[in-house]
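One structure is given here, and the rest of the page talks about it.
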Amino acid sequence: MHAASGHGLAGRLRPLVEQRLRAVAADLVVVEADTVERSRALMVRAKDAGLDALVVLGGDGSVHQGVQFCAEHAVALAVVPAGTGNDLVRGLGTPRDPVAAVDAVATALRVGARRRIDLGRVGGGAWFASVLCAGFDSAVNERVNRMRWPHGRRRYDLAIVAELAALRPRTLVVDTDAGAQELTATMVAVGNTGFYGGGIPVCPAADPTDGLLDLTVVGEVSRLDLLRMLPTLRTGAHTGHPAVRTLRARRVSLGGDNAWVAYADGDRIGPLPVVAECVPGALELIG
């Protein structure tokens, strides 16, 4: 867990989560990490000691680290959401209320309920469970990561407004199993599940069990058009806009004449080009 997740919510929930899990776990070890490096080291140490399942209490950043570890080490993952966005649990349809979530995890551990979902993978390296993005939305992500105030959704909203001033569509080459397309685009999102940015259903039809990634490409739009489109992003209705294209693919390469930076599950991947592929059944979930 990361005690600072959700403005300290994870730390406040820790005693309850421990109590509920100790009732069903043969051996429960609680660890707290305040850096990515410490988190990874503790998880590897636990694996060496016979770890069977990892329960992450925290936000999407903590969950992302759990996904990396579990996918690489064949360990089952459970999530008790305690962040501000909680995008993965939205996409999976699991409880967003942390008390309901830990009760569901405890029940699943008791009865042995597990399932598998797909993951996206970037160039054979980093895994992502939710969304990889580039363009306007990744520029917003870059800005959000530099901001210290405000918290939650308002941070994204302010970053969106700031990036509108610098909006400039670029050439994007999307190469999938069906061939390559070159187009002028404002942003692209590649979803294993549908949500990012604190609850935005950018790839609303994404299914993490179909063996495919969902792509949403916003073509050339003006600042005013994009501003008008933003409210529809909150509902998923943006896919009906004439400038938006959607498609599905097992593997996708993103490139072109631009300086876009790709993000996956909120983690900075780096400048395009990038290649992402769907790895079916890569992650075992508890519940």
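Chains: A, B, ... in order of the structure tokens. Residues: from 1 per chain. Ligands: from 1, in order shown.
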
*Would you please extract all helix (DSSP H, G or I) residues from range 32-261 of chain A, as assigned by DSSP on the backbone, and give them as a PyMOL selection string?*
chain A and resi 36-48+60-73+87-92+98-111+136-146+153-164+223-233+237-240

*Please run DSSP on the backbone and report, as a PyMOL selection string, all residues within range 58-186 of chain A that come out as strand (DSSP E or B).*
chain A and resi 58+76-81+114-122+127-128+131-135+170-176+179-186

*Could you tell me which of A:Pro280, A:Thr209, A:Glu142, A:Glu220 comes closest to Trp260 in chain A if we count only C-alpha atoms?*
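Looking at the shortest contact to Trp260 in chain A, the residue is A:Glu142.
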
*Can you tell me how far CA of Thr186 in chain A sits from CA of Leu164 in chain A, in Å to one decimal?*
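CA of Thr186 in chain A sits 10.8 Å away from CA of Leu164 in chain A.
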
*asked:* Taking 5 positions as the minimum chain separation for residues in the same chain, which residues sit within 12 Å of Leu226 in chain A when counting only C-alpha atoms? Answer as a list in words.
replied: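 My reading of the contact set: Phe136, Asp137, Ile160, Val161, Glu163, Leu164, Ala165, Leu167, Arg168, Pro169, Ala185, Thr186, Met187, Val218, Gly219, Glu220, Val221, Pro231, Thr232, Leu233, His238, His241, Pro242, Ala243 and Val244 of chain A.
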
*Neighbour list for range 74-88 of chain A as a PyMOL selection string, cut-off 9 Å, only C-alpha atoms, skip fewer than 4 positions in-chain*: chain A and resi 4-10+13+17+47+51-63+66-67+69-70+92-102+105+114+129-130+151-153+193-200+265+282-287

Show me a table, sorted first by chain and then by increasing residue number, of the residues of range 5-124 of chain A having an atom at most 10 Å from range 246-251 of chain A, each with its shortest atom pair and the distance in Å to one decimal, counting only C-alpha atoms and written as a tab-separated table.
residue	atom	partner	partner_atom	distance
A:Gly120	CA	A:Arg251	CA	9.1
A:Arg121	CA	A:Arg251	CA	9.5
A:Val122	CA	A:Arg251	CA	9.9

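Comparing A:Arg228, A:Ala205, A:Val140, A:Gly123 by their smallest distance to Val274 in chain A, the closest is A:Gly123 (using only C-alpha atoms).
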